[in-house]
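Peer 1: What follows is my_file02.pdb, PDB, C-alpha atoms.
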```pdb
ATOM      1  CA  MET A   1      97.166  61.379  74.866  1.00  0.00           C
ATOM      2  CA  ARG A   2      99.063  63.690  72.580  1.00  0.00           C
ATOM      3  CA  PRO A   3     102.175  65.408  74.002  1.00  0.00           C
ATOM      4  CA  GLN A   4     100.658  68.862  73.462  1.00  0.00           C
ATOM      5  CA  LYS A   5      97.560  67.886  75.457  1.00  0.00           C
ATOM      6  CA  VAL A   6      99.738  66.498  78.257  1.00  0.00           C
ATOM      7  CA  ILE A   7     101.648  69.795  78.431  1.00  0.00           C
ATOM      8  CA  HIS A   8      98.399  71.769  78.568  1.00  0.00           C
ATOM      9  CA  CYS A   9      97.099  69.539  81.391  1.00  0.00           C
ATOM     10  CA  LEU A  10     100.333  69.956  83.342  1.00  0.00           C
ATOM     11  CA  LEU A  11     100.320  73.739  82.901  1.00  0.00           C
ATOM     12  CA  PHE A  12      96.686  73.930  83.937  1.00  0.00           C
ATOM     13  CA  SER A  13      97.410  71.792  87.018  1.00  0.00           C
ATOM     14  CA  LEU A  14     100.292  74.058  87.994  1.00  0.00           C
ATOM     15  CA  LEU A  15      98.147  77.170  87.587  1.00  0.00           C
ATOM     16  CA  VAL A  16      95.500  75.662  89.863  1.00  0.00           C
ATOM     17  CA  LEU A  17      97.701  73.948  92.443  1.00  0.00           C
ATOM     18  CA  LEU A  18     100.372  76.610  93.052  1.00  0.00           C
ATOM     19  CA  PRO A  19      97.920  79.295  94.212  1.00  0.00           C
ATOM     20  CA  ALA A  20      96.082  76.671  96.286  1.00  0.00           C
ATOM     21  CA  ALA A  21      99.350  75.651  97.951  1.00  0.00           C
ATOM     22  CA  HIS A  22      99.990  79.304  98.776  1.00  0.00           C
ATOM     23  CA  ILE A  23      96.488  79.808 100.174  1.00  0.00           C
ATOM     24  CA  PHE A  24      96.458  76.609 102.218  1.00  0.00           C
ATOM     25  CA  GLY A  25     100.159  76.715 103.142  1.00  0.00           C
ATOM     26  CA  ALA A  26     101.630  77.867 106.405  1.00  0.00           C
ATOM     27  CA  GLU A  27      99.963  80.918 107.863  1.00  0.00           C
ATOM     28  CA  PRO A  28     102.143  84.033 107.870  1.00  0.00           C
ATOM     29  CA  LYS A  29     103.870  84.704 111.199  1.00  0.00           C
ATOM     30  CA  ASN A  30     102.491  87.666 113.159  1.00  0.00           C
ATOM     31  CA  LEU A  31     105.636  89.438 114.394  1.00  0.00           C
ATOM     32  CA  ALA A  32     103.582  91.576 116.791  1.00  0.00           C
ATOM     33  CA  LEU A  33     103.064  88.606 119.105  1.00  0.00           C
ATOM     34  CA  ALA A  34     106.782  88.741 120.034  1.00  0.00           C
ATOM     35  CA  ALA A  35     106.720  92.494 120.745  1.00  0.00           C
ATOM     36  CA  LYS A  36     105.999  94.464 123.902  1.00  0.00           C
ATOM     37  CA  ALA A  37     102.984  96.724 123.496  1.00  0.00           C
ATOM     38  CA  SER A  38     102.649 100.157 125.060  1.00  0.00           C
ATOM     39  CA  ALA A  39     100.260 103.076 124.695  1.00  0.00           C
ATOM     40  CA  SER A  40      99.929 106.697 125.723  1.00  0.00           C
ATOM     41  CA  SER A  41      98.558 107.209 129.220  1.00  0.00           C
ATOM     42  CA  SER A  42      95.112 108.229 127.967  1.00  0.00           C
ATOM     43  CA  ALA A  43      94.383 104.748 126.547  1.00  0.00           C
ATOM     44  CA  ASP A  44      91.356 102.822 127.772  1.00  0.00           C
ATOM     45  CA  GLY A  45      91.051  99.045 127.607  1.00  0.00           C
ATOM     46  CA  HIS A  46      87.825  97.172 126.966  1.00  0.00           C
ATOM     47  CA  GLY A  47      87.056  93.596 127.861  1.00  0.00           C
ATOM     48  CA  ALA A  48      84.208  91.572 126.391  1.00  0.00           C
ATOM     49  CA  PHE A  49      82.969  92.223 122.875  1.00  0.00           C
ATOM     50  CA  TYR A  50      80.711  95.302 122.705  1.00  0.00           C
ATOM     51  CA  SER A  51      81.620  96.164 126.292  1.00  0.00           C
ATOM     52  CA  TYR A  52      82.114  99.834 126.973  1.00  0.00           C
ATOM     53  CA  ASP A  53      83.277  99.085 130.482  1.00  0.00           C
ATOM     54  CA  ALA A  54      86.930  99.814 131.044  1.00  0.00           C
ATOM     55  CA  ALA A  55      89.150  96.840 131.782  1.00  0.00           C
ATOM     56  CA  PRO A  56      91.480  97.191 134.784  1.00  0.00           C
ATOM     57  CA  GLY A  57      95.240  97.518 134.414  1.00  0.00           C
ATOM     58  CA  ASP A  58      97.438  98.471 131.472  1.00  0.00           C
ATOM     59  CA  PRO A  59      95.326  98.177 128.300  1.00  0.00           C
ATOM     60  CA  SER A  60      98.206  98.229 125.796  1.00  0.00           C
ATOM     61  CA  PRO A  61      98.611  94.406 125.554  1.00  0.00           C
ATOM     62  CA  PHE A  62      95.068  94.233 124.167  1.00  0.00           C
ATOM     63  CA  ILE A  63      96.334  95.315 120.733  1.00  0.00           C
ATOM     64  CA  GLN A  64      98.461  92.199 120.254  1.00  0.00           C
ATOM     65  CA  ASP A  65      96.996  89.530 122.498  1.00  0.00           C
ATOM     66  CA  GLY A  66      95.390  87.621 119.608  1.00  0.00           C
ATOM     67  CA  ASN A  67      91.963  88.131 121.213  1.00  0.00           C
ATOM     68  CA  LEU A  68      89.322  89.970 119.184  1.00  0.00           C
ATOM     69  CA  ASP A  69      87.192  90.333 122.322  1.00  0.00           C
ATOM     70  CA  THR A  70      89.562  92.930 123.803  1.00  0.00           C
ATOM     71  CA  SER A  71      90.246  96.399 122.465  1.00  0.00           C
ATOM     72  CA  LEU A  72      91.986  99.665 123.155  1.00  0.00           C
ATOM     73  CA  SER A  73      90.587 103.152 122.572  1.00  0.00           C
ATOM     74  CA  PHE A  74      91.375 106.783 123.365  1.00  0.00           C
ATOM     75  CA  PRO A  75      89.126 109.572 124.645  1.00  0.00           C
ATOM     76  CA  PRO A  76      88.398 112.042 121.815  1.00  0.00           C
ATOM     77  CA  ALA A  77      89.783 114.960 123.844  1.00  0.00           C
ATOM     78  CA  GLN A  78      93.252 113.344 123.974  1.00  0.00           C
ATOM     79  CA  LEU A  79      93.637 112.117 120.379  1.00  0.00           C
ATOM     80  CA  SER A  80      96.323 114.676 119.556  1.00  0.00           C
ATOM     81  CA  GLU A  81      98.728 112.935 121.967  1.00  0.00           C
ATOM     82  CA  ALA A  82      97.471 109.351 121.516  1.00  0.00           C
ATOM     83  CA  TRP A  83      99.760 106.570 120.289  1.00  0.00           C
ATOM     84  CA  VAL A  84     100.219 102.813 120.416  1.00  0.00           C
ATOM     85  CA  SER A  85     103.614 101.150 119.944  1.00  0.00           C
ATOM     86  CA  LEU A  86     105.136  97.711 119.562  1.00  0.00           C
ATOM     87  CA  THR A  87     108.782  97.195 120.568  1.00  0.00           C
ATOM     88  CA  TRP A  88     110.917  94.132 119.844  1.00  0.00           C
ATOM     89  CA  PRO A  89     114.071  93.098 121.741  1.00  0.00           C
ATOM     90  CA  GLN A  90     115.899  92.925 118.376  1.00  0.00           C
ATOM     91  CA  ALA A  91     115.226  94.567 115.034  1.00  0.00           C
ATOM     92  CA  VAL A  92     112.646  92.932 112.750  1.00  0.00           C
ATOM     93  CA  THR A  93     111.984  93.425 109.053  1.00  0.00           C
ATOM     94  CA  PHE A  94     108.374  93.820 107.967  1.00  0.00           C
ATOM     95  CA  ARG A  95     106.351  94.929 104.945  1.00  0.00           C
ATOM     96  CA  GLU A  96     102.781  94.876 106.220  1.00  0.00           C
ATOM     97  CA  VAL A  97     100.848  96.111 109.208  1.00  0.00           C
ATOM     98  CA  LEU A  98      97.250  95.006 109.644  1.00  0.00           C
ATOM     99  CA  VAL A  99      95.043  96.985 112.029  1.00  0.00           C
ATOM    100  CA  ARG A 100      91.764  95.389 113.090  1.00  0.00           C
ATOM    101  CA  GLN A 101      89.365  98.007 114.355  1.00  0.00           C
ATOM    102  CA  PHE A 102      85.897  98.254 115.880  1.00  0.00           C
ATOM    103  CA  LEU A 103      82.893  97.313 113.760  1.00  0.00           C
ATOM    104  CA  HIS A 104      81.487 100.838 113.726  1.00  0.00           C
ATOM    105  CA  ARG A 105      84.603 102.154 111.948  1.00  0.00           C
ATOM    106  CA  ASP A 106      84.762 105.702 113.215  1.00  0.00           C
ATOM    107  CA  LEU A 107      88.486 106.042 112.515  1.00  0.00           C
ATOM    108  CA  ASN A 108      89.242 108.372 109.581  1.00  0.00           C
ATOM    109  CA  GLN A 109      93.060 108.540 109.671  1.00  0.00           C
ATOM    110  CA  ILE A 110      95.994 106.664 111.134  1.00  0.00           C
ATOM    111  CA  ALA A 111      99.759 107.060 110.698  1.00  0.00           C
ATOM    112  CA  LEU A 112     102.443 104.376 110.979  1.00  0.00           C
ATOM    113  CA  GLN A 113     105.853 105.378 112.296  1.00  0.00           C
ATOM    114  CA  VAL A 114     109.071 103.385 112.609  1.00  0.00           C
ATOM    115  CA  ARG A 115     111.923 104.129 114.983  1.00  0.00           C
ATOM    116  CA  HIS A 116     115.310 104.692 113.343  1.00  0.00           C
ATOM    117  CA  ASP A 117     118.273 105.734 115.481  1.00  0.00           C
ATOM    118  CA  GLY A 118     115.945 106.682 118.331  1.00  0.00           C
ATOM    119  CA  GLN A 119     113.799 108.985 116.154  1.00  0.00           C
ATOM    120  CA  TRP A 120     110.228 108.322 114.984  1.00  0.00           C
ATOM    121  CA  GLN A 121     109.667 108.644 111.239  1.00  0.00           C
ATOM    122  CA  THR A 122     106.255 108.478 109.572  1.00  0.00           C
ATOM    123  CA  VAL A 123     106.371 105.903 106.772  1.00  0.00           C
ATOM    124  CA  LYS A 124     102.660 105.648 105.938  1.00  0.00           C
ATOM    125  CA  THR A 125      99.502 107.640 106.569  1.00  0.00           C
ATOM    126  CA  VAL A 126      96.151 106.108 105.670  1.00  0.00           C
ATOM    127  CA  GLY A 127      92.924 108.084 105.299  1.00  0.00           C
ATOM    128  CA  GLY A 128      92.657 111.775 105.958  1.00  0.00           C
ATOM    129  CA  THR A 129      89.726 112.292 103.594  1.00  0.00           C
ATOM    130  CA  GLY A 130      87.054 112.319 106.307  1.00  0.00           C
ATOM    131  CA  THR A 131      85.692 108.964 105.144  1.00  0.00           C
ATOM    132  CA  PRO A 132      85.815 106.206 107.783  1.00  0.00           C
ATOM    133  CA  LEU A 133      88.490 103.572 107.213  1.00  0.00           C
ATOM    134  CA  GLY A 134      87.513  99.932 106.817  1.00  0.00           C
ATOM    135  CA  LYS A 135      87.315  97.420 109.637  1.00  0.00           C
ATOM    136  CA  LEU A 136      90.600  95.922 108.398  1.00  0.00           C
ATOM    137  CA  ILE A 137      93.312  98.454 107.600  1.00  0.00           C
ATOM    138  CA  LEU A 138      96.191  96.890 105.665  1.00  0.00           C
ATOM    139  CA  MET A 139      99.288  99.063 105.288  1.00  0.00           C
ATOM    140  CA  THR A 140     101.748  97.687 102.744  1.00  0.00           C
ATOM    141  CA  LEU A 141     105.166  99.306 102.385  1.00  0.00           C
ATOM    142  CA  GLU A 142     108.712  98.734 101.259  1.00  0.00           C
ATOM    143  CA  PRO A 143     110.621  96.483 103.684  1.00  0.00           C
ATOM    144  CA  GLN A 144     111.322  98.282 106.962  1.00  0.00           C
ATOM    145  CA  THR A 145     113.855  97.137 109.562  1.00  0.00           C
ATOM    146  CA  THR A 146     113.327  98.534 113.042  1.00  0.00           C
ATOM    147  CA  ASP A 147     112.997  97.593 116.701  1.00  0.00           C
ATOM    148  CA  ALA A 148     109.731  99.542 117.180  1.00  0.00           C
ATOM    149  CA  ILE A 149     106.652 100.797 115.357  1.00  0.00           C
ATOM    150  CA  ARG A 150     104.063 103.296 116.491  1.00  0.00           C
ATOM    151  CA  LEU A 151     100.521 104.127 115.373  1.00  0.00           C
ATOM    152  CA  THR A 152      99.555 107.731 115.916  1.00  0.00           C
ATOM    153  CA  ASP A 153      97.939 110.816 114.315  1.00  0.00           C
ATOM    154  CA  PHE A 154      94.460 109.361 114.811  1.00  0.00           C
ATOM    155  CA  LYS A 155      91.497 111.257 113.381  1.00  0.00           C
ATOM    156  CA  GLY A 156      88.052 110.056 114.359  1.00  0.00           C
ATOM    157  CA  ALA A 157      87.462 107.585 117.159  1.00  0.00           C
ATOM    158  CA  PRO A 158      90.049 104.780 117.237  1.00  0.00           C
ATOM    159  CA  ARG A 159      89.071 101.530 118.896  1.00  0.00           C
ATOM    160  CA  LEU A 160      91.671  98.931 117.999  1.00  0.00           C
ATOM    161  CA  TYR A 161      91.217  95.186 118.448  1.00  0.00           C
ATOM    162  CA  GLU A 162      94.576  94.025 117.110  1.00  0.00           C
ATOM    163  CA  VAL A 163      97.711  95.350 115.452  1.00  0.00           C
ATOM    164  CA  GLU A 164      99.469  92.643 113.454  1.00  0.00           C
ATOM    165  CA  VAL A 165     102.869  92.913 111.753  1.00  0.00           C
ATOM    166  CA  TYR A 166     104.013  90.644 108.921  1.00  0.00           C
ATOM    167  CA  GLU A 167     107.170  90.159 106.906  1.00  0.00           C
ATOM    168  CA  GLY A 168     104.852  90.254 103.897  1.00  0.00           C
ATOM    169  CA  PRO A 169     103.818  90.543 101.271  1.00  0.00           C
ATOM    170  CA  ASN A 170     100.752  88.493 102.208  1.00  0.00           C
ATOM    171  CA  ALA A 171      98.967  89.202 105.470  1.00  0.00           C
ATOM    172  CA  PRO A 172      96.227  86.656 106.263  1.00  0.00           C
ATOM    173  CA  VAL A 173      93.409  88.718 104.754  1.00  0.00           C
ATOM    174  CA  ILE A 174      91.199  87.451 101.964  1.00  0.00           C
ATOM    175  CA  ASN A 175      88.486  89.697 100.552  1.00  0.00           C
ATOM    176  CA  LEU A 176      85.459  87.783  99.302  1.00  0.00           C
ATOM    177  CA  ALA A 177      82.286  89.108  97.754  1.00  0.00           C
ATOM    178  CA  GLY A 178      79.072  87.203  97.212  1.00  0.00           C
ATOM    179  CA  ASP A 179      75.430  87.554  96.392  1.00  0.00           C
ATOM    180  CA  ALA A 180      72.371  86.869  98.558  1.00  0.00           C
ATOM    181  CA  ALA A 181      72.242  83.254  97.345  1.00  0.00           C
ATOM    182  CA  GLY A 182      75.756  82.602  98.674  1.00  0.00           C
ATOM    183  CA  HIS A 183      77.540  82.514  95.321  1.00  0.00           C
ATOM    184  CA  VAL A 184      81.115  83.773  95.368  1.00  0.00           C
ATOM    185  CA  LEU A 185      81.389  86.724  92.982  1.00  0.00           C
ATOM    186  CA  GLY A 186      84.993  87.716  93.493  1.00  0.00           C
ATOM    187  CA  ILE A 187      88.117  87.294  95.543  1.00  0.00           C
TER     188      ILE A 187
END
```
How would this structure read if it were set down as C-alpha cells?

Peer 2:
Amino acid sequence: MRPQKVIHCLLFSLLVLLPAAHIFGAEPKNLALAAKASASSSADGHGAFYSYDAAPGDPSPFIQDGNLDTSLSFPPAQLSEAWVSLTWPQAVTFREVLVRQFLHRDLNQIALQVRHDGQWQTVKTVGGTGTPLGKLILMTLEPQTTDAIRLTDFKGAPRLYEVEVYEGPNAPVINLAGDAAGHVLGI
C-alpha cells in the first residue's frame, strides 16, 4: 500500500472512530441527582404514567428521581408564583439543563435562574412566543457556578418529568429523524 493511501485510511479511521468513542463513551453525569429538590407550595405530584391522580407527600423529588413515570405540575391559577429548584451542598459548575416534560407539551415558556450571593438571577428564558416547547427542552449556556438553580416564569401548563443538569457541553440527547420505512435520514 502506498504511504499516501495509508495516511488516508488512518485519517478516515480517526474521523469514524473518534465520534463513535464519544457517542459510546461514558454517559454524562447528571448533577441533579446529587441535589435536593424543592418546589413552591402549589405543586402537585403525579404517580404512574398518564395518571392525573395526585401522589401523596412532597412532590418536588419527582423532578430528579430518574423516574419518567413520576411528574410535577402546577395549577394554572398559581403559575405566577410557581417554581422548582435544585440545591447542592456545595457549588457545582454546569453548562446545560435538560427539562423533560409531559407528552402533550402545553408549556410555552420557562426561565432558568441561578443563585449568586443569595440572589436569584435569570440566565436563560426559553419560549415566550406562544408556541408550545418541545418534549425535551435543552438550555445551553456559558459555564455557571452556583449552589442552586430554579425554574420559574412558566407560561402554559408545566408538567415536568425530570430536570437534569450537566457540566456540558453534551447532554445525553440525540435527535434522530427517519422515514416510514425506518431509514435514518438525519442525526

Peer 1: Give the answer as one residue: which of A:Trp88, A:Phe62, A:Tyr161, A:Tyr166 has the shortest atom-to-atom distance to A:Arg100, using only C-alpha atoms?

Peer 2: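 When distances to A:Arg100 are compared using only C-alpha atoms, the smallest one comes from A:Tyr161.
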
Peer 1: Write out as JSON lines a residue-level contact list of stretch 68-99 of chain A versus stretch 119-139 of chain A with cut-off 9 Å: for each qualifying residue the closest pair of atoms and the distance in Å to one decimal, counting only C-alpha atoms, rows sorted by chain and residue number upward.

Peer 2:
```
{"residue": "A:Arg95", "atom": "CA", "partner": "A:Met139", "partner_atom": "CA", "distance": 8.2}
{"residue": "A:Glu96", "atom": "CA", "partner": "A:Met139", "partner_atom": "CA", "distance": 5.5}
{"residue": "A:Val97", "atom": "CA", "partner": "A:Met139", "partner_atom": "CA", "distance": 5.1}
{"residue": "A:Leu98", "atom": "CA", "partner": "A:Leu138", "partner_atom": "CA", "distance": 4.5}
{"residue": "A:Val99", "atom": "CA", "partner": "A:Ile137", "partner_atom": "CA", "distance": 5.0}
```

Peer 1: Deliver the residues from the most recent selection as a file, using C-alpha atoms, as a compact mmCIF listing (two decimals), keeping the file's coordinate frame.

Peer 2:
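Once everything was written out, this is selection-v5.txt:
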```txt
# COMPACT_ATOMS: atom_id res chain seq x y z
CA ARG A 95 106.35 94.93 104.94
CA GLU A 96 102.78 94.88 106.22
CA VAL A 97 100.85 96.11 109.21
CA LEU A 98 97.25 95.01 109.64
CA VAL A 99 95.04 96.98 112.03
```

Peer 1: Could you check the closest approach to A:Ala35 for each of A:Thr140, A:Thr146, A:Asn170, A:Ser71 and tell me which residue wins, using only C-alpha atoms?

Peer 2: A:Thr146

Peer 1: Point out the residue among A:Pro61, A:Arg150, A:Glu142, A:Pro89 with the least atom-to-atom distance to A:Val114, counting only C-alpha atoms.

Peer 2: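 Going through A:Pro61, A:Arg150, A:Glu142, A:Pro89 one by one, the smallest distance to A:Val114 is for A:Arg150.
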
Peer 1: Let me make sure I understand: among A:Val165, A:Leu141, A:Ala37, A:Ala43, which one has the smallest atom-to-atom distance to A:Leu79 if we use only C-alpha atoms?

Peer 2: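 Between A:Val165, A:Leu141, A:Ala37, A:Ala43, the residue approaching A:Leu79 most closely is A:Ala43.
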
Peer 1: Which value, in Å to one decimal, gives the distance between atom CA of A:Ser40 and atom CA of A:Ala91?

Peer 2: 22.3 Å

Peer 1: Go through A:Leu103, A:Ala148, A:Leu160, A:Ala111 one by one, measure the shortest atom-to-atom distance of each to A:Pro59 using only C-alpha atoms, and give the residue with the smallest value.

Peer 2: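 Residue with the minimum atom-to-atom distance to A:Pro59: A:Leu160.
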
Peer 1: Quick one: which residues end up in the PyMOL selection byres ((chain A and resi 158) around 6) for this structure, as a ChimeraX atom specification?

Peer 2: /A:73,107,157,159

Peer 1: Measuring between only C-alpha atoms, which one of A:Asp44, A:Asp106, A:Glu167, A:Glu81 shows the shortest distance to A:Ser60?

Peer 2: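 Closest residue, counting only C-alpha atoms: A:Asp44.
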
Peer 1: Could you state the separation of atom CA of A:Asp69 and atom CA of A:Gly168 in Å, given to one decimal place?

Peer 2: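 Between atom CA of A:Asp69 and atom CA of A:Gly168 the gap is 25.5 Å.
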
Peer 1: I'd like the interatomic distance between atom CA of A:Ile63 and atom CA of A:Gln101, to a tenth of an Å.

Peer 2: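 Going from atom CA of A:Ile63 over to atom CA of A:Gln101 covers 9.8 Å.
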
Peer 1: May I have the residues within 7 Å of A:Ser38 as JSON, numbers by chain, using all atoms listed in the file and disregarding those fewer than 3 positions away in the same chain?

Peer 2: {"A": [60, 84, 85, 86]}

Peer 1: For stretch 24-40 of chain A, where the input has fewer atoms than it should, I would like N, CA, C and O atoms rebuilt and written as a PDB file, in the frame of the given file.

Peer 2:
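Printed below is out-v3.pdb as written:
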```pdb
ATOM      1  N   PHE A  24      96.612  77.572 101.142  1.00  0.00           N
ATOM      2  CA  PHE A  24      96.458  76.609 102.218  1.00  0.00           C
ATOM      3  C   PHE A  24      97.782  76.266 102.899  1.00  0.00           C
ATOM      4  O   PHE A  24      97.837  75.380 103.720  1.00  0.00           O
ATOM      5  N   GLY A  25      98.850  76.965 102.551  1.00  0.00           N
ATOM      6  CA  GLY A  25     100.159  76.715 103.142  1.00  0.00           C
ATOM      7  C   GLY A  25     100.228  77.260 104.554  1.00  0.00           C
ATOM      8  O   GLY A  25      99.224  77.581 105.180  1.00  0.00           O
ATOM      9  N   ALA A  26     101.425  77.375 105.046  1.00  0.00           N
ATOM     10  CA  ALA A  26     101.630  77.867 106.405  1.00  0.00           C
ATOM     11  C   ALA A  26     101.127  79.298 106.527  1.00  0.00           C
ATOM     12  O   ALA A  26     101.325  80.123 105.641  1.00  0.00           O
ATOM     13  N   GLU A  27     100.478  79.582 107.625  1.00  0.00           N
ATOM     14  CA  GLU A  27      99.963  80.918 107.863  1.00  0.00           C
ATOM     15  C   GLU A  27     101.132  81.863 108.137  1.00  0.00           C
ATOM     16  O   GLU A  27     102.090  81.496 108.818  1.00  0.00           O
ATOM     17  N   PRO A  28     101.059  83.081 107.615  1.00  0.00           N
ATOM     18  CA  PRO A  28     102.143  84.033 107.870  1.00  0.00           C
ATOM     19  C   PRO A  28     102.319  84.264 109.374  1.00  0.00           C
ATOM     20  O   PRO A  28     101.356  84.226 110.138  1.00  0.00           O
ATOM     21  N   LYS A  29     103.553  84.507 109.784  1.00  0.00           N
ATOM     22  CA  LYS A  29     103.870  84.704 111.199  1.00  0.00           C
ATOM     23  C   LYS A  29     103.602  86.158 111.590  1.00  0.00           C
ATOM     24  O   LYS A  29     104.126  87.084 110.976  1.00  0.00           O
ATOM     25  N   ASN A  30     102.799  86.341 112.631  1.00  0.00           N
ATOM     26  CA  ASN A  30     102.491  87.666 113.159  1.00  0.00           C
ATOM     27  C   ASN A  30     103.628  88.086 114.087  1.00  0.00           C
ATOM     28  O   ASN A  30     103.726  87.619 115.224  1.00  0.00           O
ATOM     29  N   LEU A  31     104.485  88.981 113.620  1.00  0.00           N
ATOM     30  CA  LEU A  31     105.636  89.438 114.394  1.00  0.00           C
ATOM     31  C   LEU A  31     105.233  90.222 115.642  1.00  0.00           C
ATOM     32  O   LEU A  31     106.000  90.303 116.599  1.00  0.00           O
ATOM     33  N   ALA A  32     104.036  90.777 115.649  1.00  0.00           N
ATOM     34  CA  ALA A  32     103.582  91.576 116.791  1.00  0.00           C
ATOM     35  C   ALA A  32     103.458  90.740 118.063  1.00  0.00           C
ATOM     36  O   ALA A  32     103.590  91.272 119.168  1.00  0.00           O
ATOM     37  N   LEU A  33     103.226  89.453 117.920  1.00  0.00           N
ATOM     38  CA  LEU A  33     103.064  88.606 119.105  1.00  0.00           C
ATOM     39  C   LEU A  33     104.342  88.498 119.933  1.00  0.00           C
ATOM     40  O   LEU A  33     104.291  88.173 121.113  1.00  0.00           O
ATOM     41  N   ALA A  34     105.500  88.794 119.320  1.00  0.00           N
ATOM     42  CA  ALA A  34     106.782  88.741 120.034  1.00  0.00           C
ATOM     43  C   ALA A  34     107.203  90.115 120.550  1.00  0.00           C
ATOM     44  O   ALA A  34     108.266  90.253 121.138  1.00  0.00           O
ATOM     45  N   ALA A  35     106.373  91.123 120.347  1.00  0.00           N
ATOM     46  CA  ALA A  35     106.720  92.494 120.745  1.00  0.00           C
ATOM     47  C   ALA A  35     106.084  92.842 122.082  1.00  0.00           C
ATOM     48  O   ALA A  35     105.146  92.192 122.537  1.00  0.00           O
ATOM     49  N   LYS A  36     106.602  93.905 122.696  1.00  0.00           N
ATOM     50  CA  LYS A  36     105.999  94.464 123.902  1.00  0.00           C
ATOM     51  C   LYS A  36     105.153  95.650 123.473  1.00  0.00           C
ATOM     52  O   LYS A  36     105.626  96.544 122.785  1.00  0.00           O
ATOM     53  N   ALA A  37     103.901  95.643 123.862  1.00  0.00           N
ATOM     54  CA  ALA A  37     102.984  96.724 123.496  1.00  0.00           C
ATOM     55  C   ALA A  37     102.985  97.800 124.572  1.00  0.00           C
ATOM     56  O   ALA A  37     103.123  97.518 125.760  1.00  0.00           O
ATOM     57  N   SER A  38     102.828  99.048 124.125  1.00  0.00           N
ATOM     58  CA  SER A  38     102.649 100.157 125.060  1.00  0.00           C
ATOM     59  C   SER A  38     101.760 101.196 124.391  1.00  0.00           C
ATOM     60  O   SER A  38     101.589 101.194 123.177  1.00  0.00           O
ATOM     61  N   ALA A  39     101.183 102.061 125.212  1.00  0.00           N
ATOM     62  CA  ALA A  39     100.260 103.076 124.695  1.00  0.00           C
ATOM     63  C   ALA A  39     100.369 104.332 125.539  1.00  0.00           C
ATOM     64  O   ALA A  39     100.825 104.285 126.682  1.00  0.00           O
ATOM     65  N   SER A  40      99.932 105.448 124.965  1.00  0.00           N
ATOM     66  CA  SER A  40      99.929 106.697 125.723  1.00  0.00           C
ATOM     67  C   SER A  40      99.013 106.544 126.931  1.00  0.00           C
ATOM     68  O   SER A  40      98.120 105.694 126.968  1.00  0.00           O
TER      69      SER A  40
END
```
